[in-house]
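Chemist: This is start.cif (mmCIF, C-alpha atoms).
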```cif
data_run
loop_
_atom_site.group_PDB
_atom_site.id
_atom_site.type_symbol
_atom_site.label_atom_id
_atom_site.label_comp_id
_atom_site.auth_asym_id
_atom_site.auth_seq_id
_atom_site.Cartn_x
_atom_site.Cartn_y
_atom_site.Cartn_z
ATOM 1 C CA MET A 1 34.723 89.849 184.303
ATOM 2 C CA MET A 2 31.425 88.593 185.733
ATOM 3 C CA LYS A 3 31.528 85.519 187.907
ATOM 4 C CA PRO A 4 29.774 82.492 186.396
ATOM 5 C CA LYS A 5 26.415 81.528 187.875
ATOM 6 C CA ILE A 6 26.146 77.958 189.155
ATOM 7 C CA ALA A 7 22.911 76.359 190.349
ATOM 8 C CA VAL A 8 23.539 74.099 193.341
ATOM 9 C CA SER A 9 20.999 71.345 193.966
ATOM 10 C CA ILE A 10 21.007 70.835 197.684
ATOM 11 C CA GLY A 11 20.817 67.027 197.869
ATOM 12 C CA ASP A 12 19.178 65.071 200.688
ATOM 13 C CA LEU A 13 18.560 67.470 203.562
ATOM 14 C CA ASN A 14 18.877 64.638 206.075
ATOM 15 C CA GLY A 15 22.521 64.241 205.008
ATOM 16 C CA ILE A 16 25.645 66.403 204.967
ATOM 17 C CA GLY A 17 24.958 68.357 201.752
ATOM 18 C CA ILE A 18 23.489 71.502 203.276
ATOM 19 C CA GLU A 19 26.248 71.693 205.898
ATOM 20 C CA ILE A 20 28.886 71.428 203.151
ATOM 21 C CA ALA A 21 27.137 74.223 201.245
ATOM 22 C CA LEU A 22 26.949 76.520 204.266
ATOM 23 C CA ARG A 23 30.510 75.899 205.431
ATOM 24 C CA SER A 24 31.974 76.262 201.926
ATOM 25 C CA HIS A 25 29.980 79.293 200.831
ATOM 26 C CA GLU A 26 32.596 81.917 201.630
ATOM 27 C CA LYS A 27 35.224 80.132 199.530
ATOM 28 C CA ILE A 28 32.806 79.179 196.746
ATOM 29 C CA SER A 29 31.378 82.685 196.416
ATOM 30 C CA LYS A 30 34.850 84.027 195.587
ATOM 31 C CA LEU A 31 34.914 81.739 192.541
ATOM 32 C CA CYS A 32 31.333 82.031 191.259
ATOM 33 C CA LYS A 33 27.818 83.174 192.076
ATOM 34 C CA PRO A 34 26.119 80.101 193.553
ATOM 35 C CA ILE A 35 22.331 79.887 193.441
ATOM 36 C CA TYR A 36 21.107 77.295 195.919
ATOM 37 C CA CYS A 37 17.956 75.394 195.026
ATOM 38 C CA ILE A 38 16.283 75.388 198.436
ATOM 39 C CA SER A 39 13.422 77.344 199.988
ATOM 40 C CA GLU A 40 14.145 79.936 202.669
ATOM 41 C CA LYS A 41 12.091 77.954 205.169
ATOM 42 C CA MET A 42 14.012 74.694 204.640
ATOM 43 C CA LEU A 43 17.315 76.587 204.671
ATOM 44 C CA LYS A 44 16.496 78.213 208.009
ATOM 45 C CA SER A 45 15.353 74.890 209.415
ATOM 46 C CA ALA A 46 18.620 73.183 208.416
ATOM 47 C CA ALA A 47 20.782 76.065 209.647
ATOM 48 C CA LYS A 48 18.974 76.047 212.997
ATOM 49 C CA GLU A 49 19.532 72.290 213.339
ATOM 50 C CA LEU A 50 23.227 72.803 212.532
ATOM 51 C CA LYS A 51 23.537 75.898 214.731
ATOM 52 C CA LEU A 52 25.103 77.743 211.786
ATOM 53 C CA ASP A 53 24.503 81.271 210.550
ATOM 54 C CA ILE A 54 23.221 81.791 207.018
ATOM 55 C CA PRO A 55 25.581 84.065 205.032
ATOM 56 C CA ASN A 56 24.003 87.355 203.935
ATOM 57 C CA ASP A 57 24.762 86.678 200.260
ATOM 58 C CA PHE A 58 23.412 83.111 200.296
ATOM 59 C CA THR A 59 21.154 83.341 197.216
ATOM 60 C CA THR A 60 18.320 80.825 197.002
ATOM 61 C CA ILE A 61 15.588 79.913 194.560
ATOM 62 C CA LYS A 62 12.469 78.338 195.979
ATOM 63 C CA VAL A 63 11.817 74.618 195.764
ATOM 64 C CA LYS A 64 8.267 73.636 196.628
ATOM 65 C CA GLY A 65 7.545 71.236 199.452
ATOM 66 C CA GLU A 66 8.408 71.218 203.130
ATOM 67 C CA HIS A 67 9.404 68.437 205.451
ATOM 68 C CA GLU A 68 10.845 67.836 208.873
ATOM 69 C CA ILE A 69 14.600 67.442 208.808
ATOM 70 C CA ARG A 70 15.499 64.108 210.382
ATOM 71 C CA PRO A 71 19.281 63.837 210.488
ATOM 72 C CA GLY A 72 20.623 60.557 209.164
ATOM 73 C CA VAL A 73 17.202 59.082 208.342
ATOM 74 C CA VAL A 74 15.952 57.822 204.968
ATOM 75 C CA THR A 75 12.587 59.467 204.289
ATOM 76 C CA ARG A 76 10.250 59.767 201.333
ATOM 77 C CA LYS A 77 9.805 63.526 201.701
ATOM 78 C CA ALA A 78 13.547 64.194 201.827
ATOM 79 C CA GLY A 79 13.983 62.062 198.718
ATOM 80 C CA LYS A 80 11.278 63.978 196.860
ATOM 81 C CA TYR A 81 12.703 67.335 197.929
ATOM 82 C CA SER A 82 16.215 66.447 196.738
ATOM 83 C CA PHE A 83 14.797 65.346 193.376
ATOM 84 C CA ASP A 84 12.790 68.571 193.019
ATOM 85 C CA SER A 85 15.871 70.629 193.935
ATOM 86 C CA PHE A 86 17.808 68.868 191.168
ATOM 87 C CA MET A 87 15.030 69.415 188.638
ATOM 88 C CA GLN A 88 14.968 73.117 189.531
ATOM 89 C CA ALA A 89 18.734 73.320 188.916
ATOM 90 C CA ILE A 90 18.415 71.530 185.557
ATOM 91 C CA LYS A 91 15.633 73.910 184.514
ATOM 92 C CA LEU A 92 17.764 76.955 185.344
ATOM 93 C CA ALA A 93 20.616 75.593 183.233
ATOM 94 C CA ASP A 94 18.348 74.539 180.366
ATOM 95 C CA GLU A 95 16.838 78.033 180.266
ATOM 96 C CA LYS A 96 20.367 79.555 180.282
ATOM 97 C CA LYS A 97 19.687 81.362 183.569
ATOM 98 C CA VAL A 98 22.831 79.780 185.030
ATOM 99 C CA ASP A 99 26.067 78.611 183.407
ATOM 100 C CA ALA A 100 26.298 75.216 185.092
ATOM 101 C CA VAL A 101 24.844 72.862 187.690
ATOM 102 C CA CYS A 102 26.648 71.388 190.690
ATOM 103 C CA THR A 103 24.910 68.685 192.699
ATOM 104 C CA LEU A 104 25.232 67.749 196.348
ATOM 105 C CA PRO A 105 24.610 64.105 197.364
ATOM 106 C CA ILE A 106 21.251 62.378 197.120
ATOM 107 C CA ASN A 107 20.220 59.111 198.726
ATOM 108 C CA LYS A 108 19.050 56.432 196.289
ATOM 109 C CA GLU A 109 16.897 54.711 198.910
ATOM 110 C CA SER A 110 15.146 58.003 199.658
ATOM 111 C CA TRP A 111 14.420 58.443 195.950
ATOM 112 C CA ASN A 112 13.051 54.920 195.830
ATOM 113 C CA LYS A 113 10.774 55.627 198.801
ATOM 114 C CA ALA A 114 9.500 58.697 196.944
ATOM 115 C CA ASN A 115 8.648 56.475 193.934
ATOM 116 C CA ILE A 116 11.220 58.226 191.760
ATOM 117 C CA LYS A 117 12.050 55.842 188.929
ATOM 118 C CA TYR A 118 15.659 56.963 188.568
ATOM 119 C CA LYS A 119 18.614 55.594 190.519
ATOM 120 C CA GLY A 120 20.761 58.684 190.200
ATOM 121 C CA HIS A 121 21.419 62.098 188.677
ATOM 122 C CA THR A 122 22.899 60.826 185.406
ATOM 123 C CA GLU A 123 19.799 58.809 184.521
ATOM 124 C CA VAL A 124 17.622 61.891 185.052
ATOM 125 C CA LEU A 125 19.860 63.967 182.796
ATOM 126 C CA ARG A 126 19.825 61.267 180.123
ATOM 127 C CA ASP A 127 16.038 61.212 180.112
ATOM 128 C CA TYR A 128 15.523 64.971 180.390
ATOM 129 C CA PHE A 129 17.771 65.880 177.452
ATOM 130 C CA GLY A 130 17.337 62.702 175.397
ATOM 131 C CA LYS A 131 21.124 62.366 175.237
ATOM 132 C CA ASN A 132 23.465 59.529 176.104
ATOM 133 C CA ALA A 133 25.002 61.172 179.166
ATOM 134 C CA ILE A 134 28.347 59.710 180.210
ATOM 135 C CA MET A 135 29.316 59.386 183.857
ATOM 136 C CA MET A 136 32.961 60.271 184.458
ATOM 137 C CA LEU A 137 34.525 60.454 187.897
ATOM 138 C CA GLY A 138 37.948 61.454 189.138
ATOM 139 C CA CYS A 139 40.318 64.356 189.626
ATOM 140 C CA LYS A 140 43.095 65.953 187.591
ATOM 141 C CA LYS A 141 45.374 63.010 188.401
ATOM 142 C CA MET A 142 42.972 60.341 187.108
ATOM 143 C CA PHE A 143 39.525 60.205 185.466
ATOM 144 C CA VAL A 144 37.398 57.114 184.873
ATOM 145 C CA GLY A 145 34.494 56.920 182.419
ATOM 146 C CA LEU A 146 31.891 54.241 183.148
ATOM 147 C CA PHE A 147 30.550 52.257 180.202
ATOM 148 C CA THR A 148 27.846 50.744 182.434
ATOM 149 C CA GLU A 149 26.721 52.323 185.693
ATOM 150 C CA HIS A 150 24.041 51.262 188.160
ATOM 151 C CA ILE A 151 23.162 47.796 186.901
ATOM 152 C CA PRO A 152 23.598 44.387 188.569
ATOM 153 C CA LEU A 153 26.991 42.851 187.904
ATOM 154 C CA ARG A 154 25.422 39.764 186.318
ATOM 155 C CA LYS A 155 24.049 41.958 183.499
ATOM 156 C CA VAL A 156 27.288 43.708 182.596
ATOM 157 C CA ALA A 157 28.712 41.059 180.236
ATOM 158 C CA LYS A 158 25.626 41.191 177.998
ATOM 159 C CA LYS A 159 26.060 44.951 177.640
ATOM 160 C CA VAL A 160 29.602 44.688 176.283
ATOM 161 C CA GLU A 161 28.928 44.840 172.546
ATOM 162 C CA GLU A 162 31.077 46.436 169.855
ATOM 163 C CA LYS A 163 28.451 48.843 168.476
ATOM 164 C CA ASP A 164 27.441 50.385 171.818
ATOM 165 C CA LEU A 165 31.008 50.504 173.136
ATOM 166 C CA LEU A 166 32.229 52.160 169.929
ATOM 167 C CA LYS A 167 29.666 54.964 170.288
ATOM 168 C CA PHE A 168 30.646 55.375 173.950
ATOM 169 C CA LEU A 169 34.350 55.605 173.119
ATOM 170 C CA LEU A 170 33.832 58.190 170.386
ATOM 171 C CA ASP A 171 31.554 60.299 172.608
ATOM 172 C CA PHE A 172 34.021 60.021 175.501
ATOM 173 C CA HIS A 173 36.874 61.260 173.332
ATOM 174 C CA LYS A 174 34.769 64.054 171.844
ATOM 175 C CA ASN A 175 33.975 65.384 175.310
ATOM 176 C CA THR A 176 37.369 64.909 176.992
ATOM 177 C CA LYS A 177 39.726 65.586 174.039
ATOM 178 C CA ALA A 178 42.091 63.139 175.756
ATOM 179 C CA LYS A 179 44.946 61.856 173.594
ATOM 180 C CA ASN A 180 45.632 58.607 175.463
ATOM 181 C CA ILE A 181 42.780 56.573 176.964
ATOM 182 C CA GLY A 182 43.142 53.158 178.580
ATOM 183 C CA VAL A 183 40.183 50.815 178.034
ATOM 184 C CA LEU A 184 39.811 48.047 180.608
ATOM 185 C CA GLY A 185 38.972 44.477 179.733
ATOM 186 C CA LEU A 186 36.052 42.837 181.494
ATOM 187 C CA ASN A 187 37.529 39.500 182.551
ATOM 188 C CA PRO A 188 40.536 38.606 184.721
ATOM 189 C CA HIS A 189 43.782 38.895 182.711
ATOM 190 C CA ALA A 190 41.682 40.559 179.950
ATOM 191 C CA SER A 191 40.521 36.979 179.222
ATOM 192 C CA ASP A 192 44.005 35.658 178.262
ATOM 193 C CA ASN A 193 43.101 35.639 174.563
ATOM 194 C CA GLY A 194 39.661 34.137 175.064
ATOM 195 C CA VAL A 195 40.543 31.544 177.693
ATOM 196 C CA LEU A 196 38.526 33.338 180.405
ATOM 197 C CA GLY A 197 35.772 34.927 178.320
ATOM 198 C CA GLU A 198 34.883 36.355 174.922
ATOM 199 C CA GLU A 199 33.905 39.945 175.785
ATOM 200 C CA GLU A 200 37.414 41.215 175.096
ATOM 201 C CA VAL A 201 36.900 40.425 171.406
ATOM 202 C CA GLN A 202 34.073 43.003 171.354
ATOM 203 C CA ILE A 203 36.202 45.498 173.291
ATOM 204 C CA PHE A 204 39.158 45.048 170.941
ATOM 205 C CA LYS A 205 36.958 45.558 167.863
ATOM 206 C CA ALA A 206 35.456 48.743 169.337
ATOM 207 C CA ILE A 207 38.916 50.109 170.152
ATOM 208 C CA LYS A 208 40.244 49.298 166.688
ATOM 209 C CA THR A 209 37.266 50.884 164.914
ATOM 210 C CA ALA A 210 37.329 53.983 167.147
ATOM 211 C CA ASN A 211 41.019 54.598 166.436
ATOM 212 C CA LYS A 212 40.409 54.085 162.724
ATOM 213 C CA GLU A 213 37.585 56.657 162.711
ATOM 214 C CA LEU A 214 39.671 59.135 164.686
ATOM 215 C CA LYS A 215 42.717 58.458 162.473
ATOM 216 C CA GLU A 216 44.799 58.362 165.632
ATOM 217 C CA ASN A 217 45.853 55.753 168.189
ATOM 218 C CA ILE A 218 43.822 57.224 171.067
ATOM 219 C CA PHE A 219 42.417 54.127 172.760
ATOM 220 C CA LYS A 220 44.667 51.396 174.186
ATOM 221 C CA GLY A 221 43.633 47.980 175.396
ATOM 222 C CA PRO A 222 41.860 45.940 176.474
ATOM 223 C CA LEU A 223 44.016 46.537 179.552
ATOM 224 C CA VAL A 224 44.338 43.830 182.197
ATOM 225 C CA PRO A 225 42.026 45.209 184.938
ATOM 226 C CA ASP A 226 44.068 44.184 187.979
ATOM 227 C CA THR A 227 47.202 46.040 186.800
ATOM 228 C CA ALA A 228 45.597 48.937 184.910
ATOM 229 C CA PHE A 229 45.750 51.216 187.956
ATOM 230 C CA SER A 230 49.226 50.252 189.144
ATOM 231 C CA PRO A 231 51.700 53.119 189.674
ATOM 232 C CA MET A 232 53.520 52.207 186.447
ATOM 233 C CA SER A 233 50.293 52.122 184.420
ATOM 234 C CA ARG A 234 49.123 55.461 185.830
ATOM 235 C CA LYS A 235 52.281 57.042 184.424
ATOM 236 C CA ASN A 236 50.867 56.267 180.982
ATOM 237 C CA TYR A 237 47.169 57.081 181.504
ATOM 238 C CA THR A 238 45.142 59.862 183.067
ATOM 239 C CA TYR A 239 41.866 58.758 181.418
ATOM 240 C CA TYR A 240 40.385 55.280 181.649
ATOM 241 C CA VAL A 241 37.191 53.605 180.480
ATOM 242 C CA ALA A 242 35.852 50.922 182.836
ATOM 243 C CA MET A 243 33.303 48.324 181.821
ATOM 244 C CA TYR A 244 31.354 48.570 185.070
ATOM 245 C CA HIS A 245 30.890 50.736 188.152
ATOM 246 C CA ASP A 246 33.118 49.148 190.794
ATOM 247 C CA GLN A 247 35.832 48.136 188.320
ATOM 248 C CA GLY A 248 36.660 51.803 187.839
ATOM 249 C CA LEU A 249 35.503 53.396 191.062
ATOM 250 C CA ALA A 250 37.071 51.032 193.615
ATOM 251 C CA PRO A 251 40.640 51.971 192.598
ATOM 252 C CA LEU A 252 39.697 55.627 192.050
ATOM 253 C CA LYS A 253 38.254 56.014 195.529
ATOM 254 C CA ALA A 254 41.103 54.087 197.116
ATOM 255 C CA LEU A 255 43.546 56.529 195.555
ATOM 256 C CA TYR A 256 41.716 59.863 195.469
ATOM 257 C CA PHE A 257 38.564 59.577 197.582
ATOM 258 C CA ASP A 258 38.711 63.031 199.199
ATOM 259 C CA GLU A 259 39.272 65.013 196.021
ATOM 260 C CA SER A 260 37.344 63.158 193.312
ATOM 261 C CA ILE A 261 34.309 64.600 191.568
ATOM 262 C CA ASN A 262 31.582 63.419 189.203
ATOM 263 C CA VAL A 263 31.192 65.018 185.758
ATOM 264 C CA SER A 264 28.344 64.396 183.313
ATOM 265 C CA LEU A 265 29.606 64.410 179.724
ATOM 266 C CA ASN A 266 27.806 64.527 176.372
ATOM 267 C CA LEU A 267 25.052 66.926 177.469
ATOM 268 C CA PRO A 268 23.926 70.416 176.380
ATOM 269 C CA ILE A 269 24.546 71.673 179.947
ATOM 270 C CA ILE A 270 27.540 71.520 182.287
ATOM 271 C CA ARG A 271 26.987 69.406 185.375
ATOM 272 C CA THR A 272 29.481 68.443 188.058
ATOM 273 C CA SER A 273 28.955 66.833 191.434
ATOM 274 C CA VAL A 274 30.628 65.710 194.606
ATOM 275 C CA ASP A 275 31.827 62.118 194.494
ATOM 276 C CA HIS A 276 30.565 61.019 197.890
ATOM 277 C CA GLY A 277 27.303 60.122 199.541
ATOM 278 C CA THR A 278 25.032 61.685 202.117
ATOM 279 C CA ALA A 279 27.100 60.395 205.083
ATOM 280 C CA PHE A 280 24.012 59.975 207.254
ATOM 281 C CA ASN A 281 26.208 58.676 210.083
ATOM 282 C CA ILE A 282 27.769 62.117 210.641
ATOM 283 C CA ALA A 283 24.974 64.399 209.428
ATOM 284 C CA TYR A 284 24.174 67.354 211.747
ATOM 285 C CA LYS A 285 26.749 66.201 214.319
ATOM 286 C CA ASN A 286 29.042 69.158 213.629
ATOM 287 C CA GLN A 287 31.953 66.890 212.888
ATOM 288 C CA LYS A 288 34.760 68.115 210.680
ATOM 289 C CA LEU A 289 33.663 67.660 207.072
ATOM 290 C CA ASN A 290 35.938 67.347 204.071
ATOM 291 C CA THR A 291 34.678 69.872 201.522
ATOM 292 C CA LYS A 292 37.416 69.275 198.933
ATOM 293 C CA SER A 293 35.193 67.275 196.568
ATOM 294 C CA TYR A 294 32.552 70.031 196.518
ATOM 295 C CA ILE A 295 35.112 72.781 195.964
ATOM 296 C CA ASN A 296 36.784 70.739 193.209
ATOM 297 C CA ALA A 297 33.377 70.152 191.573
ATOM 298 C CA ILE A 298 32.727 73.901 191.508
ATOM 299 C CA LYS A 299 36.221 74.573 190.134
ATOM 300 C CA GLU A 300 35.760 71.969 187.385
ATOM 301 C CA ALA A 301 32.379 73.477 186.447
ATOM 302 C CA ILE A 302 34.060 76.880 186.114
ATOM 303 C CA ASN A 303 36.862 75.334 184.051
ATOM 304 C CA LEU A 304 34.313 73.711 181.710
ATOM 305 C CA ILE A 305 32.437 77.015 181.384
ATOM 306 C CA LYS A 306 35.672 78.779 180.339
ATOM 307 C CA ASN A 307 36.527 76.063 177.809
ATOM 308 C CA LYS A 308 33.034 75.801 176.359
#
```
What would the structure in this file look like if it were written as C-alpha cells?

Modeler:
Amino acid sequence: MMKPKIAVSIGDLNGIGIEIALRSHEKISKLCKPIYCISEKMLKSAAKELKLDIPNDFTTIKVKGEHEIRPGVVTRKAGKYSFDSFMQAIKLADEKKVDAVCTLPINKESWNKANIKYKGHTEVLRDYFGKNAIMMLGCKKMFVGLFTEHIPLRKVAKKVEEKDLLKFLLDFHKNTKAKNIGVLGLNPHASDNGVLGEEEVQIFKAIKTANKELKENIFKGPLVPDTAFSPMSRKNYTYYVAMYHDQGLAPLKALYFDESINVSLNLPIIRTSVDHGTAFNIAYKNQKLNTKSYINAIKEAINLIKNK
C-alpha cells in the first residue's frame, strides 16, 4: 500500500517549526511521504543555522521569496514566507496532488507585519474554500470545538445566537460522528437559569433543535463551564463545544499541552496542525524540543485519510 502524501507548510522560519520538521523526519517518513513547502535555499540556510544535516529523502517544493533567518525575531518577510508556504500546501491539496496538509506554527504578529489580513490558518481556509471551517483542538482523550475563535472577549456574547450555533453543532457532529457532545454555557454557573445572563437560553434552544433534527440525544448542556472539565465530567465526554477560545483551550492545554493537535473540520481537504506556537525563546538554540504534537498531527491526518 502506498504511503499517503502530506504537504507540510513550514511555518515561521524564525521559530521552531523547521527544527521540528528536520528532527522528526525519520519517524514521519515511516508513516507517510511528507512534502515540505520550502525552497532548497531557505532549507539549507535553516539547517546551517541549526547545525543539522538535511535527510537525503527530504522532499521539498519551492516557495518563492528569500529572507535572512533571524532566530526568535518577528519579521515581515518571515511572516510573508510562512503564509506563502501555507498557500502552496493548500494548493497541492486542492489540486489532489497530496492527500492532506499539516501545518507548523506561524506567528500572528509576523503575519500582521506582512499586511496579511488573516489572524490564523483557519480563517485562510474558510476564505479559500468558501466553507465554514471549524477549529477543533485536542487529542484522543479530549477534543474541543470552538464556536468563536480569535475575537475579543467582549464580542463573544453577541455571537451566541440560536441560528448560528445550531448550524455549528450540526456541522460539528457531521464531521466528528461523536455520539455524546458536551456544550458549554457562556456565563458562570451556566447563568443559574437566567440570573447571570441570557445567552444560555440561545444555547439551550440550539441544543434542543439539533437533537431533534438528528433524532438522537447527541448534545448535552449547557454545561456549567467551571466543572465541565472536571475528572468526573471527562468520564462522560470526549468531545466538547466551547463558546470562546480560552474557555475551551485553557483546560485542554493544562491537561494535554504536549500531545494536543489542531484539526480543521468541515472542509473539502484534510488539514491538521501542531497545537503550539513558534517558541521564539528557544528557536535555533538546540534545546530539546517536544515533537509529540507534530507527530500526532501527522498521525491524525493519516487516520482521517483512511476514514475519508

Chemist: Do you know which residues the PyMOL selection byres ((chain A and resi 142) around 10) returns on this file, as an NGL selection string?

Modeler: :A and (137-141 or 143-144 or 229 or 234 or 237-240 or 252 or 255-256 or 260)

Chemist: Enumerate, as a PyMOL selection string, the residues matched when the PyMOL selection byres ((chain A and resi 94) around 12) is run on the file above.

Modeler: chain A and resi 7+87-93+95-101+125+128-129+267-271

Chemist: Please expand the PyMOL selection byres ((chain A and resi 210-222) around 8) into the concrete residues it hits in this file, giving the result as a count of residues only.

Modeler: 21

Chemist: Pick out the residues sitting within 6 Å of A:Asn262, and hand them over as a PyMOL selection string; count all atoms listed in the file, and ignore anything fewer than 5 positions along from it in its own chain.

Modeler: chain A and resi 136-137+272-275

Chemist: If I put a ball of radius 6 Å at (18.9, 62.9, 201.7) in the file's coordinates, which residues poke into it when counting only C-alpha atoms, written as an mmCIF file with C-alpha atoms, in the coordinates of the input?

Modeler:
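Done, and the output landed in selection13.cif:
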```cif
data_model
loop_
_atom_site.group_PDB
_atom_site.id
_atom_site.type_symbol
_atom_site.label_atom_id
_atom_site.label_comp_id
_atom_site.auth_asym_id
_atom_site.auth_seq_id
_atom_site.Cartn_x
_atom_site.Cartn_y
_atom_site.Cartn_z
ATOM 1 C CA GLY A 11 20.817 67.027 197.869
ATOM 2 C CA ASP A 12 19.178 65.071 200.688
ATOM 3 C CA LEU A 13 18.560 67.470 203.562
ATOM 4 C CA ASN A 14 18.877 64.638 206.075
ATOM 5 C CA GLY A 15 22.521 64.241 205.008
ATOM 6 C CA ALA A 78 13.547 64.194 201.827
ATOM 7 C CA GLY A 79 13.983 62.062 198.718
ATOM 8 C CA ILE A 106 21.251 62.378 197.120
ATOM 9 C CA ASN A 107 20.220 59.111 198.726
#
```

Chemist: Counting only C-alpha atoms, what is within 12 Å of A:Lys51, bar same-chain residues fewer than 2 positions away, as a VMD selection string?

Modeler: chain A and resid 19 22 to 23 43 to 49 53 to 54 284 to 286

Chemist: Provide the atom CA of A:Glu198 to atom CA of A:Gln247 distance in Å, to one decimal place.

Modeler: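 Computing the Euclidean distance for atom CA of A:Glu198 and atom CA of A:Gln247 yields 17.9 Å.
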
Chemist: Between A:Thr278, A:Thr148, A:Ser24, A:Ser85, single out the one closest to A:Lys108, counting all atoms listed in the file.

Modeler: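 Nearest candidate to A:Lys108 out of A:Thr278, A:Thr148, A:Ser24, A:Ser85: A:Thr278.
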
Chemist: Let me have the centre and edge lengths in Å, one decimal, of the box along x, y and z around every listed atom of stretch 253-263 of chain A with 5 Å of margin on each side, as AutoDock Vina command-line options.

Modeler:
```
--center_x 37.4 --center_y 59.6 --center_z 192.5 --size_x 22.4 --size_y 20.9 --size_z 23.4
```

Chemist: Which residue out of A:Lys27, A:Phe83, A:Gly145, A:Met2 has the minimum interatomic distance to A:Gly120 when only C-alpha atoms are used?

Modeler: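 Comparing A:Lys27, A:Phe83, A:Gly145, A:Met2 against A:Gly120, the winner is A:Phe83.
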
Chemist: Atom CA of A:Phe168 and atom CA of A:Gly197, how far apart in Å?

Modeler: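 That distance, rounded to one decimal, is 21.5 Å.
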